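A.B. asks: Encoded as structure tokens, here's the structure I'll be asking about.
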Amino acid sequence: MVSSDQRRRQLAREKFERQQQRRAAARHKAKRRNVIVAAAVAVALAAGAAAYASVGLAGGGDGGTTDAAAPSPSGSADPCGKPVPGAPSKERWKKEPAMSVDTSAAYTMKLETTCGDIGIKLDAAKAPRTVNSFAFLAGRNFFDHSKCHRLVDQGIYVLQCGDPTGTGSGTPGYTIPDENLKDPKLKGDVYPAGTVAMANRYDGKSDKTRDSGGSQFFLVYQDSKLPPNYTPFGTVTEGMDVLKKIAAAGSSPDQATGNTAPNATVVINRATVTKS
């Protein structure tokens, strides 16, 4: 005969199992949504607002710094450190900055993150206005203290950053045009691992949604099949191991924004663009 104590333990165990099943179903649903968006509209890699069709479709946020992330589904510890003190930028501009980059010069961007440094070679010759915008925003500390708010690890393999609100809806207040969409590196509609590209509002249908990049960008940590609608403007030269570490920690659905947020605490402590 089952004692009352045994019955209580059994009920508690069953309740726990139901909770785990619901959480697993929620994660699966969120990841499946990413795959569907990727197939239907070249993924959700967007630069803000509900109509955006690029990593981070919609949502609203308070613009605060990220707290320690939840552990990954596998139970592994957060592989990243704590953010340095500071608040995300609230600056916005009405116009795209005037061109100041030298298209014949070499530019690099360094992302000092809580998970490690990521070095990026920027292509000012092929994507001058994009690189110019990033140089401007980095110079104004726009990316500092902002979290990378989305990790897609099914169908495509990207980490999205560049939104100080941390919601997928933030912009610098202006847009920049698409560039370098016929880059020969994008063979077979594949963005190779190491590619750094722009998020945008393109919906896959209307040309009116073209030329809508802002500040959000994504880093490809594994070859990802995407139509060539997202400006490739850089290549990771240092820190692929950092991206792999972030990806290995997995993602979880963020009910507030609809994103699949990295389980790792990924915050850009500082971003700099350097001419050499």
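As shown in the structure tokens, the chain order sets the letters A, B, ...; within each chain, residues go from 1, and ligands are also counted from 1 in the order they appear.
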So which residues touch Thr103 of chain A within 10 Å, counting only C-alpha atoms, skipping near sequence neighbours fewer than 3 positions away, as a ChimeraX atom specification?

C.D. replies: /A:100,106-107,123-129,131-132

A.B. asks: Sorted by chain and rising residue number, list the residues of segment 93-150 of chain A at most 8 Å from segment 166-178 of chain A (counting only C-alpha atoms), each with its closest atom pair and distance in Å to one decimal, as a tab-separated table.

C.D. replies:
residue	atom	partner	partner_atom	distance
A:Trp93	CA	A:Gly173	CA	4.9
A:Lys94	CA	A:Gly173	CA	5.5
A:Lys95	CA	A:Tyr174	CA	5.4
A:Glu96	CA	A:Tyr174	CA	5.6
A:Arg129	CA	A:Ile176	CA	7.0
A:Thr130	CA	A:Ile176	CA	6.8
A:Ser133	CA	A:Ile176	CA	7.9
A:Ser146	CA	A:Gly166	CA	6.6
A:Lys147	CA	A:Gly166	CA	5.7
A:Cys148	CA	A:Gly166	CA	6.9
A:His149	CA	A:Gly166	CA	5.4
A:Arg150	CA	A:Gly168	CA	7.9

A.B. asks: Given the choices A:Arg7, A:Gly250, A:Val267, A:Pro192, which gets closest to Thr235 of chain A if the distance is worked out from only C-alpha atoms?

C.D. replies: A:Pro192

A.B. asks: From a backbone DSSP assignment, name each residue in segment 103-150 of chain A labelled helix (DSSP H, G or I), as a list in words.

C.D. replies: Pro128, Arg129, Thr130, Val131, Asn132, Ser133, Phe134, Ala135, Phe136, Leu137, Ala138 and Gly139 of chain A

A.B. asks: Using N, CA and C atoms, can you write the selected residues to a file as a compact mmCIF listing (two decimals), in the first residue's frame?

C.D. replies:
# COMPACT_ATOMS: atom_id res chain seq x y z
N PRO A 128 30.97 50.25 -48.24
CA PRO A 128 31.47 51.49 -47.65
C PRO A 128 30.50 52.17 -46.68
N ARG A 129 29.22 52.22 -47.03
CA ARG A 129 28.27 52.93 -46.17
C ARG A 129 27.99 52.14 -44.89
N THR A 130 28.04 50.82 -45.01
CA THR A 130 27.85 49.99 -43.82
C THR A 130 29.03 50.16 -42.87
N VAL A 131 30.23 50.07 -43.40
CA VAL A 131 31.43 50.22 -42.57
C VAL A 131 31.49 51.64 -42.00
N ASN A 132 31.12 52.61 -42.79
CA ASN A 132 31.11 53.99 -42.31
C ASN A 132 30.16 54.15 -41.13
N SER A 133 29.00 53.54 -41.23
CA SER A 133 28.02 53.61 -40.14
C SER A 133 28.55 52.94 -38.87
N PHE A 134 29.19 51.79 -39.04
CA PHE A 134 29.72 51.08 -37.87
C PHE A 134 30.85 51.86 -37.22
N ALA A 135 31.70 52.48 -38.04
CA ALA A 135 32.77 53.30 -37.49
C ALA A 135 32.19 54.47 -36.69
N PHE A 136 31.14 55.07 -37.22
CA PHE A 136 30.49 56.18 -36.53
C PHE A 136 29.87 55.72 -35.21
N LEU A 137 29.09 54.63 -35.26
CA LEU A 137 28.39 54.16 -34.06
C LEU A 137 29.38 53.68 -32.99
N ALA A 138 30.42 52.98 -33.41
CA ALA A 138 31.41 52.54 -32.44
C ALA A 138 32.12 53.73 -31.80
N GLY A 139 32.38 54.76 -32.60
CA GLY A 139 33.01 55.97 -32.09
C GLY A 139 32.15 56.70 -31.09

A.B. asks: Could you jot down the atom CA of Lys275 of chain A to atom CA of Arg140 of chain A separation for me, Å, one decimal place?

C.D. replies: 15.9 Å

A.B. asks: Check the smallest atom-to-atom distance from each of A:Lys244, A:Lys82, A:Lys185, A:Lys15 to Leu219 of chain A using only C-alpha atoms, then report the winner.

C.D. replies: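 Nearest candidate to Leu219 of chain A out of A:Lys244, A:Lys82, A:Lys185, A:Lys15: A:Lys244.
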
A.B. asks: For Lys110 of chain A, which residue among A:Ile246, A:Leu122, A:Ile156, A:Ala261 is the nearest when counting only C-alpha atoms?

C.D. replies: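 Smallest separation from Lys110 of chain A among the options: A:Leu122.
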
A.B. asks: A:Ile118, A:Val158, A:Ala98, A:Val84: which is nearest Lys225 of chain A, counting only C-alpha atoms?

C.D. replies: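 Result for the nearest residue to Lys225 of chain A: A:Val158.
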
A.B. asks: Please measure the separation of atom CA of Val152 of chain A and atom CA of Thr260 of chain A, giving the value in Å to one decimal.

C.D. replies: 6.8 Å

A.B. asks: My list of candidates is A:Phe233, A:Val196, A:Val266, A:Asp211. Which is closest to Ala249 of chain A when distances are computed with only C-alpha atoms?

C.D. replies: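 Counting only C-alpha atoms, the residue closest to Ala249 of chain A is A:Val266.
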